[in-house]
>>> print(open('data18.pdb').read())   # PDB, C-alpha atoms
ATOM      1  CA  MET F 162      -8.880 -10.684  12.440  1.00  0.00           C
ATOM      2  CA  ALA F 163      -6.108  -8.135  12.790  1.00  0.00           C
ATOM      3  CA  TYR F 164      -8.171  -5.020  12.256  1.00  0.00           C
ATOM      4  CA  SER F 165     -10.208  -2.952  14.721  1.00  0.00           C
ATOM      5  CA  ALA F 166     -12.719  -0.103  14.615  1.00  0.00           C
ATOM      6  CA  LYS F 167     -11.087   3.327  14.385  1.00  0.00           C
ATOM      7  CA  ILE F 168     -12.759   6.702  13.972  1.00  0.00           C
ATOM      8  CA  GLY F 169     -10.744   9.584  12.505  1.00  0.00           C
ATOM      9  CA  PRO F 170     -12.329  13.028  12.380  1.00  0.00           C
ATOM     10  CA  SER F 171     -11.388  15.047   9.312  1.00  0.00           C
ATOM     11  CA  VAL F 172     -10.059  18.186  10.938  1.00  0.00           C
ATOM     12  CA  LEU F 173     -10.434  20.232   7.750  1.00  0.00           C
ATOM     13  CA  SER F 174     -14.080  20.594   8.777  1.00  0.00           C
ATOM     14  CA  SER F 175     -13.084  22.359  12.007  1.00  0.00           C
ATOM     15  CA  ASP F 176     -12.358  26.007  12.828  1.00  0.00           C
ATOM     16  CA  LEU F 177      -8.961  26.289  11.138  1.00  0.00           C
ATOM     17  CA  SER F 178      -8.029  29.330  13.210  1.00  0.00           C
ATOM     18  CA  GLN F 179      -8.113  27.017  16.250  1.00  0.00           C
ATOM     19  CA  LEU F 180      -6.732  23.887  14.600  1.00  0.00           C
ATOM     20  CA  GLY F 181      -4.484  22.714  17.445  1.00  0.00           C
ATOM     21  CA  ARG F 182      -7.255  23.082  19.981  1.00  0.00           C
ATOM     22  CA  GLU F 183      -9.754  21.422  17.640  1.00  0.00           C
ATOM     23  CA  CYS F 184      -7.440  18.417  17.235  1.00  0.00           C
ATOM     24  CA  GLU F 185      -7.152  18.132  21.011  1.00  0.00           C
ATOM     25  CA  ARG F 186     -10.935  18.410  21.343  1.00  0.00           C
ATOM     26  CA  MET F 187     -11.455  15.559  18.881  1.00  0.00           C
ATOM     27  CA  MET F 188      -9.010  13.312  20.752  1.00  0.00           C
ATOM     28  CA  GLU F 189     -10.697  14.179  24.052  1.00  0.00           C
ATOM     29  CA  CYS F 190     -14.035  13.183  22.497  1.00  0.00           C
ATOM     30  CA  GLY F 191     -12.772   9.680  21.723  1.00  0.00           C
ATOM     31  CA  ALA F 192     -11.202   9.934  18.257  1.00  0.00           C
ATOM     32  CA  ASP F 193      -8.743   7.135  17.488  1.00  0.00           C
ATOM     33  CA  TYR F 194      -6.741   9.184  15.002  1.00  0.00           C
ATOM     34  CA  LEU F 195      -6.784  12.476  13.100  1.00  0.00           C
ATOM     35  CA  HIS F 196      -7.315  12.615   9.345  1.00  0.00           C
ATOM     36  CA  LEU F 197      -5.422  15.527   7.772  1.00  0.00           C
ATOM     37  CA  ASP F 198      -6.265  16.491   4.190  1.00  0.00           C
ATOM     38  CA  VAL F 199      -3.389  17.917   2.157  1.00  0.00           C
ATOM     39  CA  MET F 200      -4.520  19.440  -1.164  1.00  0.00           C
ATOM     40  CA  ASP F 201      -2.188  21.117  -3.643  1.00  0.00           C
ATOM     41  CA  GLY F 202      -4.525  22.856  -6.095  1.00  0.00           C
ATOM     42  CA  HIS F 203      -3.328  20.511  -8.883  1.00  0.00           C
ATOM     43  CA  PHE F 204      -4.477  16.964  -8.118  1.00  0.00           C
ATOM     44  CA  VAL F 205      -7.646  18.504  -6.672  1.00  0.00           C
ATOM     45  CA  PRO F 206      -8.919  22.065  -7.224  1.00  0.00           C
ATOM     46  CA  ASN F 207      -8.671  23.098  -3.573  1.00  0.00           C
ATOM     47  CA  ILE F 208      -5.640  24.136  -1.482  1.00  0.00           C
ATOM     48  CA  THR F 209      -5.268  23.388   2.224  1.00  0.00           C
ATOM     49  CA  PHE F 210      -1.981  23.120   4.153  1.00  0.00           C
ATOM     50  CA  GLY F 211       1.373  21.356   4.041  1.00  0.00           C
ATOM     51  CA  HIS F 212       4.111  19.970   6.250  1.00  0.00           C
ATOM     52  CA  PRO F 213       4.841  23.212   8.188  1.00  0.00           C
ATOM     53  CA  MET F 214       1.296  23.073   9.576  1.00  0.00           C
ATOM     54  CA  VAL F 215       1.717  19.387  10.436  1.00  0.00           C
ATOM     55  CA  GLU F 216       4.952  20.159  12.290  1.00  0.00           C
ATOM     56  CA  CYS F 217       3.228  22.914  14.282  1.00  0.00           C
ATOM     57  CA  LEU F 218       0.326  20.594  15.137  1.00  0.00           C
ATOM     58  CA  ARG F 219       2.698  17.868  16.275  1.00  0.00           C
ATOM     59  CA  HIS F 220       4.534  20.306  18.552  1.00  0.00           C
ATOM     60  CA  SER F 221       1.233  21.667  19.840  1.00  0.00           C
ATOM     61  CA  ILE F 222      -0.589  18.429  20.683  1.00  0.00           C
ATOM     62  CA  GLY F 223       2.325  16.082  21.374  1.00  0.00           C
ATOM     63  CA  PRO F 224       3.577  12.737  20.093  1.00  0.00           C
ATOM     64  CA  ASP F 225       0.570  10.525  20.790  1.00  0.00           C
ATOM     65  CA  PRO F 226      -2.165  11.343  18.228  1.00  0.00           C
ATOM     66  CA  PHE F 227      -1.912   9.288  15.018  1.00  0.00           C
ATOM     67  CA  PHE F 228      -1.749  11.634  12.010  1.00  0.00           C
ATOM     68  CA  ASP F 229      -3.221  10.019   8.882  1.00  0.00           C
ATOM     69  CA  MET F 230      -2.055  12.272   6.059  1.00  0.00           C
ATOM     70  CA  HIS F 231      -4.397  12.138   3.059  1.00  0.00           C
ATOM     71  CA  MET F 232      -2.104  13.432   0.327  1.00  0.00           C
ATOM     72  CA  MET F 233      -4.344  14.763  -2.438  1.00  0.00           C
ATOM     73  CA  VAL F 234      -1.307  16.003  -4.358  1.00  0.00           C
ATOM     74  CA  SER F 235      -0.019  15.490  -7.888  1.00  0.00           C
ATOM     75  CA  ARG F 236       3.578  14.674  -6.872  1.00  0.00           C
ATOM     76  CA  PRO F 237       3.300  12.556  -3.714  1.00  0.00           C
ATOM     77  CA  GLU F 238       6.981  11.525  -3.925  1.00  0.00           C
ATOM     78  CA  GLN F 239       7.987  15.125  -3.233  1.00  0.00           C
ATOM     79  CA  TRP F 240       6.503  15.303   0.260  1.00  0.00           C
ATOM     80  CA  VAL F 241       7.431  11.971   1.858  1.00  0.00           C
ATOM     81  CA  LYS F 242      10.550  13.145   3.693  1.00  0.00           C
ATOM     82  CA  PRO F 243       9.130  16.537   4.748  1.00  0.00           C
ATOM     83  CA  MET F 244       5.972  14.890   6.138  1.00  0.00           C
ATOM     84  CA  ALA F 245       7.985  12.248   7.992  1.00  0.00           C
ATOM     85  CA  ALA F 246      10.164  14.981   9.514  1.00  0.00           C
ATOM     86  CA  ALA F 247       7.059  16.978  10.453  1.00  0.00           C
ATOM     87  CA  GLY F 248       5.672  14.087  12.504  1.00  0.00           C
ATOM     88  CA  ALA F 249       3.192  12.359  10.170  1.00  0.00           C
ATOM     89  CA  SER F 250       2.236   8.812  11.212  1.00  0.00           C
ATOM     90  CA  GLN F 251       0.770   7.493   7.976  1.00  0.00           C
ATOM     91  CA  TYR F 252       1.262   8.741   4.422  1.00  0.00           C
ATOM     92  CA  THR F 253      -1.784   8.020   2.271  1.00  0.00           C
ATOM     93  CA  PHE F 254      -1.190   8.777  -1.394  1.00  0.00           C
ATOM     94  CA  HIS F 255      -3.470   8.432  -4.416  1.00  0.00           C
ATOM     95  CA  LEU F 256      -2.846   5.634  -6.882  1.00  0.00           C
ATOM     96  CA  GLU F 257      -3.847   8.027  -9.677  1.00  0.00           C
ATOM     97  CA  ALA F 258      -1.067  10.480  -8.757  1.00  0.00           C
ATOM     98  CA  THR F 259       1.993   8.296  -9.343  1.00  0.00           C
ATOM     99  CA  THR F 260       3.484   6.110 -12.071  1.00  0.00           C
ATOM    100  CA  ASN F 261       5.536   4.038  -9.625  1.00  0.00           C
ATOM    101  CA  PRO F 262       3.520   3.011  -6.554  1.00  0.00           C
ATOM    102  CA  GLY F 263       6.039   0.336  -5.580  1.00  0.00           C
ATOM    103  CA  ASN F 264       8.925   2.771  -5.200  1.00  0.00           C
ATOM    104  CA  LEU F 265       6.746   5.225  -3.314  1.00  0.00           C
ATOM    105  CA  ILE F 266       5.508   2.553  -0.896  1.00  0.00           C
ATOM    106  CA  LYS F 267       9.130   1.579  -0.209  1.00  0.00           C
ATOM    107  CA  GLU F 268      10.172   5.194   0.336  1.00  0.00           C
ATOM    108  CA  ILE F 269       7.311   5.863   2.769  1.00  0.00           C
ATOM    109  CA  ARG F 270       8.097   2.764   4.782  1.00  0.00           C
ATOM    110  CA  GLU F 271      11.808   3.578   4.891  1.00  0.00           C
ATOM    111  CA  SER F 272      10.935   7.034   6.230  1.00  0.00           C
ATOM    112  CA  GLY F 273       9.250   5.425   9.237  1.00  0.00           C
ATOM    113  CA  MET F 274       5.630   6.067   8.324  1.00  0.00           C
ATOM    114  CA  LYS F 275       2.791   3.633   7.691  1.00  0.00           C
ATOM    115  CA  VAL F 276       1.554   3.383   4.097  1.00  0.00           C
ATOM    116  CA  GLY F 277      -1.950   4.202   2.909  1.00  0.00           C
ATOM    117  CA  LEU F 278      -3.127   3.905  -0.704  1.00  0.00           C
ATOM    118  CA  ALA F 279      -6.227   5.779  -1.861  1.00  0.00           C
ATOM    119  CA  ILE F 280      -8.438   5.464  -4.920  1.00  0.00           C
ATOM    120  CA  LYS F 281     -10.926   7.945  -6.362  1.00  0.00           C
ATOM    121  CA  PRO F 282     -14.495   6.875  -7.158  1.00  0.00           C
ATOM    122  CA  GLY F 283     -13.602   6.408 -10.847  1.00  0.00           C
ATOM    123  CA  THR F 284     -10.689   4.035 -10.142  1.00  0.00           C
ATOM    124  CA  THR F 285     -11.431   0.322  -9.967  1.00  0.00           C
ATOM    125  CA  VAL F 286     -10.509  -1.627  -6.873  1.00  0.00           C
ATOM    126  CA  GLU F 287      -8.684  -4.143  -9.081  1.00  0.00           C
ATOM    127  CA  GLU F 288      -6.125  -1.424  -9.864  1.00  0.00           C
ATOM    128  CA  LEU F 289      -5.317  -1.180  -6.142  1.00  0.00           C
ATOM    129  CA  ALA F 290      -5.180  -4.952  -5.620  1.00  0.00           C
ATOM    130  CA  PRO F 291      -1.559  -5.587  -6.752  1.00  0.00           C
ATOM    131  CA  TRP F 292      -0.325  -3.291  -3.966  1.00  0.00           C
ATOM    132  CA  ALA F 293      -2.658  -4.416  -1.183  1.00  0.00           C
ATOM    133  CA  GLY F 294      -0.114  -6.823   0.290  1.00  0.00           C
ATOM    134  CA  GLN F 295       2.460  -4.033   0.636  1.00  0.00           C
ATOM    135  CA  ILE F 296       0.339  -1.353   2.340  1.00  0.00           C
ATOM    136  CA  ASP F 297      -1.099  -0.830   5.817  1.00  0.00           C
ATOM    137  CA  MET F 298      -4.379   0.735   4.716  1.00  0.00           C
ATOM    138  CA  ALA F 299      -6.553   1.083   1.616  1.00  0.00           C
ATOM    139  CA  LEU F 300      -8.707   4.199   1.327  1.00  0.00           C
ATOM    140  CA  VAL F 301     -11.859   3.983  -0.771  1.00  0.00           C
ATOM    141  CA  MET F 302     -13.093   7.506  -1.476  1.00  0.00           C
ATOM    142  CA  THR F 303     -16.861   7.805  -1.138  1.00  0.00           C
ATOM    143  CA  VAL F 304     -16.936  11.280  -2.711  1.00  0.00           C
ATOM    144  CA  GLU F 305     -14.792  12.981  -5.349  1.00  0.00           C
ATOM    145  CA  PRO F 306     -11.727  14.234  -3.441  1.00  0.00           C
ATOM    146  CA  GLY F 307     -11.203  17.940  -3.008  1.00  0.00           C
ATOM    147  CA  PHE F 308     -14.196  19.383  -1.187  1.00  0.00           C
ATOM    148  CA  GLY F 309     -16.146  18.655   1.981  1.00  0.00           C
ATOM    149  CA  GLY F 310     -19.891  18.408   2.331  1.00  0.00           C
ATOM    150  CA  GLN F 311     -20.532  16.072  -0.640  1.00  0.00           C
ATOM    151  CA  LYS F 312     -23.137  13.318  -0.657  1.00  0.00           C
ATOM    152  CA  PHE F 313     -22.006   9.811   0.281  1.00  0.00           C
ATOM    153  CA  MET F 314     -21.627   7.517  -2.766  1.00  0.00           C
ATOM    154  CA  GLU F 315     -23.169   4.218  -1.737  1.00  0.00           C
ATOM    155  CA  ASP F 316     -22.115   2.615  -5.016  1.00  0.00           C
ATOM    156  CA  MET F 317     -18.518   2.560  -3.727  1.00  0.00           C
ATOM    157  CA  MET F 318     -19.415  -0.094  -1.130  1.00  0.00           C
ATOM    158  CA  PRO F 319     -18.787  -3.074  -3.460  1.00  0.00           C
ATOM    159  CA  LYS F 320     -15.141  -1.951  -3.602  1.00  0.00           C
ATOM    160  CA  VAL F 321     -14.942  -2.139   0.193  1.00  0.00           C
ATOM    161  CA  SER F 322     -16.656  -5.540   0.249  1.00  0.00           C
ATOM    162  CA  TRP F 323     -14.284  -6.909  -2.396  1.00  0.00           C
ATOM    163  CA  LEU F 324     -11.202  -5.651  -0.550  1.00  0.00           C
ATOM    164  CA  ARG F 325     -12.429  -7.134   2.734  1.00  0.00           C
ATOM    165  CA  SER F 326     -13.081 -10.514   1.102  1.00  0.00           C
ATOM    166  CA  GLN F 327      -9.714 -10.591  -0.659  1.00  0.00           C
ATOM    167  CA  PHE F 328      -7.574  -9.057   2.119  1.00  0.00           C
ATOM    168  CA  PRO F 329      -9.275  -9.994   5.405  1.00  0.00           C
ATOM    169  CA  SER F 330      -6.793  -8.303   7.745  1.00  0.00           C
ATOM    170  CA  LEU F 331      -6.247  -5.054   5.809  1.00  0.00           C
ATOM    171  CA  ASP F 332      -7.254  -1.731   7.332  1.00  0.00           C
ATOM    172  CA  ILE F 333      -9.904  -0.314   4.984  1.00  0.00           C
ATOM    173  CA  GLU F 334     -10.810   3.349   5.267  1.00  0.00           C
ATOM    174  CA  VAL F 335     -13.780   5.242   3.836  1.00  0.00           C
ATOM    175  CA  ASP F 336     -13.795   9.003   3.419  1.00  0.00           C
ATOM    176  CA  GLY F 337     -16.498  11.329   2.179  1.00  0.00           C
ATOM    177  CA  GLY F 338     -20.030  11.986   3.367  1.00  0.00           C
ATOM    178  CA  VAL F 339     -19.729   9.419   6.155  1.00  0.00           C
ATOM    179  CA  GLY F 340     -21.816   9.974   9.283  1.00  0.00           C
ATOM    180  CA  PRO F 341     -24.630   8.390  11.305  1.00  0.00           C
ATOM    181  CA  ASP F 342     -26.819   8.049   8.180  1.00  0.00           C
ATOM    182  CA  SER F 343     -24.265   6.095   6.134  1.00  0.00           C
ATOM    183  CA  ILE F 344     -22.108   4.322   8.730  1.00  0.00           C
ATOM    184  CA  HIS F 345     -24.132   1.078   8.682  1.00  0.00           C
ATOM    185  CA  ARG F 346     -23.472   0.561   4.967  1.00  0.00           C
ATOM    186  CA  CYS F 347     -19.738   1.235   5.434  1.00  0.00           C
ATOM    187  CA  ALA F 348     -19.461  -1.113   8.402  1.00  0.00           C
ATOM    188  CA  GLU F 349     -21.438  -3.907   6.768  1.00  0.00           C
ATOM    189  CA  ALA F 350     -19.243  -3.693   3.655  1.00  0.00           C
ATOM    190  CA  GLY F 351     -16.174  -4.173   5.838  1.00  0.00           C
ATOM    191  CA  ALA F 352     -14.705  -0.707   6.396  1.00  0.00           C
ATOM    192  CA  ASN F 353     -13.005  -0.359   9.792  1.00  0.00           C
ATOM    193  CA  MET F 354     -11.312   3.065   9.569  1.00  0.00           C
ATOM    194  CA  ILE F 355     -13.974   5.752   9.341  1.00  0.00           C
ATOM    195  CA  VAL F 356     -13.195   9.302   8.311  1.00  0.00           C
ATOM    196  CA  SER F 357     -15.980  11.693   9.237  1.00  0.00           C
ATOM    197  CA  GLY F 358     -15.838  15.445   8.798  1.00  0.00           C
ATOM    198  CA  SER F 359     -18.752  17.731   9.500  1.00  0.00           C
ATOM    199  CA  ALA F 360     -20.910  14.942  11.005  1.00  0.00           C
ATOM    200  CA  VAL F 361     -18.443  14.779  13.906  1.00  0.00           C
ATOM    201  CA  VAL F 362     -16.646  18.115  13.975  1.00  0.00           C
ATOM    202  CA  SER F 363     -19.731  20.305  13.530  1.00  0.00           C
ATOM    203  CA  SER F 364     -21.872  18.260  15.905  1.00  0.00           C
ATOM    204  CA  ASP F 365     -23.106  19.694  19.212  1.00  0.00           C
ATOM    205  CA  ASP F 366     -21.966  16.443  20.806  1.00  0.00           C
ATOM    206  CA  PRO F 367     -18.952  15.003  18.920  1.00  0.00           C
ATOM    207  CA  ARG F 368     -18.328  12.440  21.662  1.00  0.00           C
ATOM    208  CA  SER F 369     -21.684  10.747  21.114  1.00  0.00           C
ATOM    209  CA  VAL F 370     -21.316  10.777  17.310  1.00  0.00           C
ATOM    210  CA  ILE F 371     -17.836   9.197  17.523  1.00  0.00           C
ATOM    211  CA  ALA F 372     -19.189   6.584  19.951  1.00  0.00           C
ATOM    212  CA  LEU F 373     -22.136   5.798  17.655  1.00  0.00           C
ATOM    213  CA  LEU F 374     -19.889   5.379  14.595  1.00  0.00           C
ATOM    214  CA  LYS F 375     -17.462   3.201  16.509  1.00  0.00           C
ATOM    215  CA  ASN F 376     -20.134   0.971  18.025  1.00  0.00           C
ATOM    216  CA  VAL F 377     -21.677   0.275  14.617  1.00  0.00           C
ATOM    217  CA  VAL F 378     -18.269  -0.762  13.227  1.00  0.00           C
ATOM    218  CA  ILE F 379     -17.463  -2.903  16.279  1.00  0.00           C
ATOM    219  CA  GLU F 380     -20.794  -4.721  15.932  1.00  0.00           C
ATOM    220  CA  ALA F 381     -20.158  -5.353  12.228  1.00  0.00           C
ATOM    221  CA  ILE F 382     -16.655  -6.705  12.951  1.00  0.00           C
ATOM    222  CA  GLN F 383     -18.049  -9.014  15.643  1.00  0.00           C
ATOM    223  CA  LYS F 384     -20.794 -10.253  13.320  1.00  0.00           C
ATOM    224  CA  ARG F 385     -18.256 -10.882  10.552  1.00  0.00           C
ATOM    225  CA  SER F 386     -16.118 -12.842  12.986  1.00  0.00           C
ATOM    226  CA  LEU F 387     -19.070 -14.997  14.069  1.00  0.00           C
ATOM    227  CA  ASP F 388     -20.128 -15.625  10.465  1.00  0.00           C
ATOM    228  CA  ARG F 389     -16.761 -17.017   9.448  1.00  0.00           C
TER     229      ARG F 389
END
>>> encode(input="data18.pdb", output="structure tokens")
Amino acid sequence: MAYSAKIGPSVLSSDLSQLGRECERMMECGADYLHLDVMDGHFVPNITFGHPMVECLRHSIGPDPFFDMHMMVSRPEQWVKPMAAAGASQYTFHLEATTNPGNLIKEIRESGMKVGLAIKPGTTVEELAPWAGQIDMALVMTVEPGFGGQKFMEDMMPKVSWLRSQFPSLDIEVDGGVGPDSIHRCAEAGANMIVSGSAVVSSDDPRSVIALLKNVVIEAIQKRSLDR
């Protein structure tokens, strides 16, 4: 199996006036990567930040942290080059936001970033399947994208299970309402990249929450390996 357990705090849940420091704090607490939510007010109702903020973060915290850009934007093609120049590591766009995923995947890869492909709760996993062999990561949203603090949608887990069965070595990410209460269902379904917002960032002890999430995923990966 080519995939491993990775925990990525969603830094949008942190104190945005201290974003650089908050990113450093998450990495110090054992985060494997940082999940950065870009919202444009069109694809989703909310607005967050863009590539200038990413560039500042990269300068502030250095070259090592992996920036997983979750591009909740209506024209994902527009921001590939600016995000690559700003220091993004992975460009995760929504299947619903483009009419030509193949071209976009190629453009992202040519810009030097990894490719992530996300689907909303209302999009079937079969619609993502034709592109699964060309991407580095599939993101199954477990809430409607756009706002934090929503309840985890357990009925998205069959999508994760199907992807894991069809594409055994693919990185599969879940995002939305994921924390200690829901991590077991995500891990058992086959998710290995775990985005967690307030459950980690707002915790009194983020290090222990990250460790708990990671251990559950590691155990599930080991069990899956033994069951094969």
>>> residues_around(input="data18.pdb", residues="F:Phe227", least_positions_apart="5", cutoff="12 Å", atoms="all atoms listed in the file", output="list in words")
Lys167, Ile168, Gly169, Pro170, Cys184, Glu185, Met188, Ala192, Asp193, Tyr194, Leu195, His196, Leu197, Val215, Leu218, Arg219, Ile222, Gly248, Ala249, Ser250, Gln251, Tyr252, Met274 and Lys275 of chain F
>>> resolve_selection(input="data18.pdb", expression="the PyMOL selection byres ((chain F and resi 253-265) around 8)", output="count of residues only")
27
>>> resolve_selection(input="data18.pdb", expression="the PyMOL selection byres ((chain F and resi 339) around 7)", output="MDAnalysis selection string")
chainID F and resid 313 336:338 340 343:344 356:357
>>> resolve_selection(input="data18.pdb", expression="the PyMOL selection byres ((chain F and resi 307) around 9)", output="list of chain:residue names")
F:Asp198, F:Met200, F:Gly202, F:Phe204, F:Val205, F:Pro206, F:Asn207, F:Ile208, F:Met233, F:Val304, F:Glu305, F:Pro306, F:Phe308, F:Gly309
>>> atom_distance(input="data18.pdb", atom1="atom CA of F:Ala350", atom2="atom CA of F:Asn376")
15.1 Å
>>> closest_residue(input="data18.pdb", among="F:Val199, F:Leu180, F:Val301, F:Ile382", to="F:Lys320", atoms="only C-alpha atoms")
F:Val301
>>> atom_distance(input="data18.pdb", atom1="atom CA of F:Met298", atom2="atom CA of F:Thr285")
16.3 Å
>>> closest_atom_pairs(input="data18.pdb", of="stretch 163-221 of chain F", to="stretch 239-247 of chain F", cutoff="10 Å", atoms="all atoms listed in the file", output="JSON lines")
{"residue": "F:Gly211", "atom": "CA", "partner": "F:Met244", "partner_atom": "CA", "distance": 8.2}
{"residue": "F:His212", "atom": "CA", "partner": "F:Met244", "partner_atom": "CA", "distance": 5.4}
{"residue": "F:Pro213", "atom": "CA", "partner": "F:Ala247", "partner_atom": "CA", "distance": 7.0}
{"residue": "F:Met214", "atom": "CA", "partner": "F:Ala247", "partner_atom": "CA", "distance": 8.4}
{"residue": "F:Val215", "atom": "CA", "partner": "F:Ala247", "partner_atom": "CA", "distance": 5.9}
{"residue": "F:Glu216", "atom": "CA", "partner": "F:Ala247", "partner_atom": "CA", "distance": 4.2}
{"residue": "F:Cys217", "atom": "CA", "partner": "F:Ala247", "partner_atom": "CA", "distance": 8.0}
{"residue": "F:Leu218", "atom": "CA", "partner": "F:Ala247", "partner_atom": "CA", "distance": 9.0}
{"residue": "F:Arg219", "atom": "CA", "partner": "F:Ala247", "partner_atom": "CA", "distance": 7.3}
{"residue": "F:His220", "atom": "CA", "partner": "F:Ala247", "partner_atom": "CA", "distance": 9.1}
>>> atom_distance(input="data18.pdb", atom1="atom CA of F:Gly191", atom2="atom CA of F:Ile371")
6.6 Å
>>> residues_near_point(input="data18.pdb", point="(-25.5, -3.4, 10.3)", cutoff="8 Å", atoms="all atoms listed in the file", output="PyMOL selection string")
chain F and resi 345-346+348-349+377+380-381
>>> closest_residue(input="data18.pdb", among="F:Leu373, F:Leu173, F:Val335, F:Met318", to="F:Ile355", atoms="all atoms listed in the file")
F:Val335
>>> closest_residue(input="data18.pdb", among="F:Val370, F:Met354, F:Ala293, F:Ala360", to="F:Ser174", atoms="only C-alpha atoms")
F:Ala360
>>> axis_aligned_box(input="data18.pdb", around="stretch 222-239 of chain F", padding_each_side="6 Å", output="lines of an AutoDock Vina configuration file")
center_x = 1.8
center_y = 13.9
center_z = 6.7
size_x = 24.4
size_y = 21.1
size_z = 41.3
>>> residues_around(input="data18.pdb", residues="F:Ile379", least_positions_apart="6", cutoff="9 Å", atoms="all atoms listed in the file", output="VMD selection string")
chain F and resid 165 to 166 348 353
>>> write_last_selection(input="data18.pdb", atoms="C-alpha atoms", output="mmCIF file, in the coordinates of the input")
data_model
loop_
_atom_site.group_PDB
_atom_site.id
_atom_site.type_symbol
_atom_site.label_atom_id
_atom_site.label_comp_id
_atom_site.auth_asym_id
_atom_site.auth_seq_id
_atom_site.Cartn_x
_atom_site.Cartn_y
_atom_site.Cartn_z
ATOM 1 C CA SER F 165 -10.208 -2.952 14.721
ATOM 2 C CA ALA F 166 -12.719 -0.103 14.615
ATOM 3 C CA ALA F 348 -19.461 -1.113 8.402
ATOM 4 C CA ASN F 353 -13.005 -0.359 9.792
#
>>> closest_residue(input="data18.pdb", among="F:Ser386, F:Asp201, F:Asp365, F:Met187", to="F:Pro226", atoms="only C-alpha atoms")
F:Met187
>>> decode(input="data18.pdb", residues="stretch 286-299 of chain F", atoms="N, CA, C and O atoms", output="tab-separated table (two decimals), in the first residue's frame")
chain	number	residue	atom	x	y	z
F	286	VAL	N	-19.53	9.55	-6.64
F	286	VAL	CA	-18.12	9.17	-6.71
F	286	VAL	C	-17.78	8.64	-8.10
F	286	VAL	O	-16.64	8.73	-8.56
F	287	GLU	N	-18.79	8.12	-8.81
F	287	GLU	CA	-18.56	7.63	-10.17
F	287	GLU	C	-18.15	8.75	-11.12
F	287	GLU	O	-17.46	8.51	-12.12
F	288	GLU	N	-18.58	9.99	-10.82
F	288	GLU	CA	-18.20	11.13	-11.65
F	288	GLU	C	-16.72	11.47	-11.49
F	288	GLU	O	-16.09	12.01	-12.40
F	289	LEU	N	-16.16	11.15	-10.32
F	289	LEU	CA	-14.74	11.39	-10.07
F	289	LEU	C	-13.87	10.27	-10.68
F	289	LEU	O	-12.73	10.52	-11.09
F	290	ALA	N	-14.43	9.09	-10.76
F	290	ALA	CA	-13.66	7.89	-11.13
F	290	ALA	C	-12.82	8.02	-12.40
F	290	ALA	O	-11.67	7.55	-12.41
F	291	PRO	N	-13.32	8.61	-13.49
F	291	PRO	CA	-12.51	8.67	-14.71
F	291	PRO	C	-11.18	9.40	-14.54
F	291	PRO	O	-10.25	9.21	-15.33
F	292	TRP	N	-11.08	10.24	-13.51
F	292	TRP	CA	-9.88	11.06	-13.31
F	292	TRP	C	-8.98	10.50	-12.21
F	292	TRP	O	-7.89	11.02	-12.00
F	293	ALA	N	-9.43	9.47	-11.53
F	293	ALA	CA	-8.71	8.99	-10.34
F	293	ALA	C	-7.29	8.52	-10.66
F	293	ALA	O	-6.39	8.64	-9.82
F	294	GLY	N	-7.08	8.01	-11.85
F	294	GLY	CA	-5.74	7.55	-12.22
F	294	GLY	C	-4.77	8.67	-12.54
F	294	GLY	O	-3.57	8.44	-12.67
F	295	GLN	N	-5.30	9.91	-12.67
F	295	GLN	CA	-4.46	11.04	-13.05
F	295	GLN	C	-4.16	11.99	-11.89
F	295	GLN	O	-3.43	12.97	-12.05
F	296	ILE	N	-4.76	11.74	-10.72
F	296	ILE	CA	-4.63	12.67	-9.60
F	296	ILE	C	-3.81	12.04	-8.47
F	296	ILE	O	-3.57	10.84	-8.45
F	297	ASP	N	-3.38	12.89	-7.54
F	297	ASP	CA	-2.64	12.41	-6.37
F	297	ASP	C	-3.57	12.14	-5.19
F	297	ASP	O	-3.27	11.32	-4.33
F	298	MET	N	-4.70	12.86	-5.16
F	298	MET	CA	-5.59	12.77	-4.00
F	298	MET	C	-7.03	13.05	-4.41
F	298	MET	O	-7.29	13.93	-5.24
F	299	ALA	N	-7.95	12.28	-3.85
F	299	ALA	CA	-9.38	12.53	-4.00
F	299	ALA	C	-9.93	13.02	-2.67
F	299	ALA	O	-9.66	12.42	-1.62
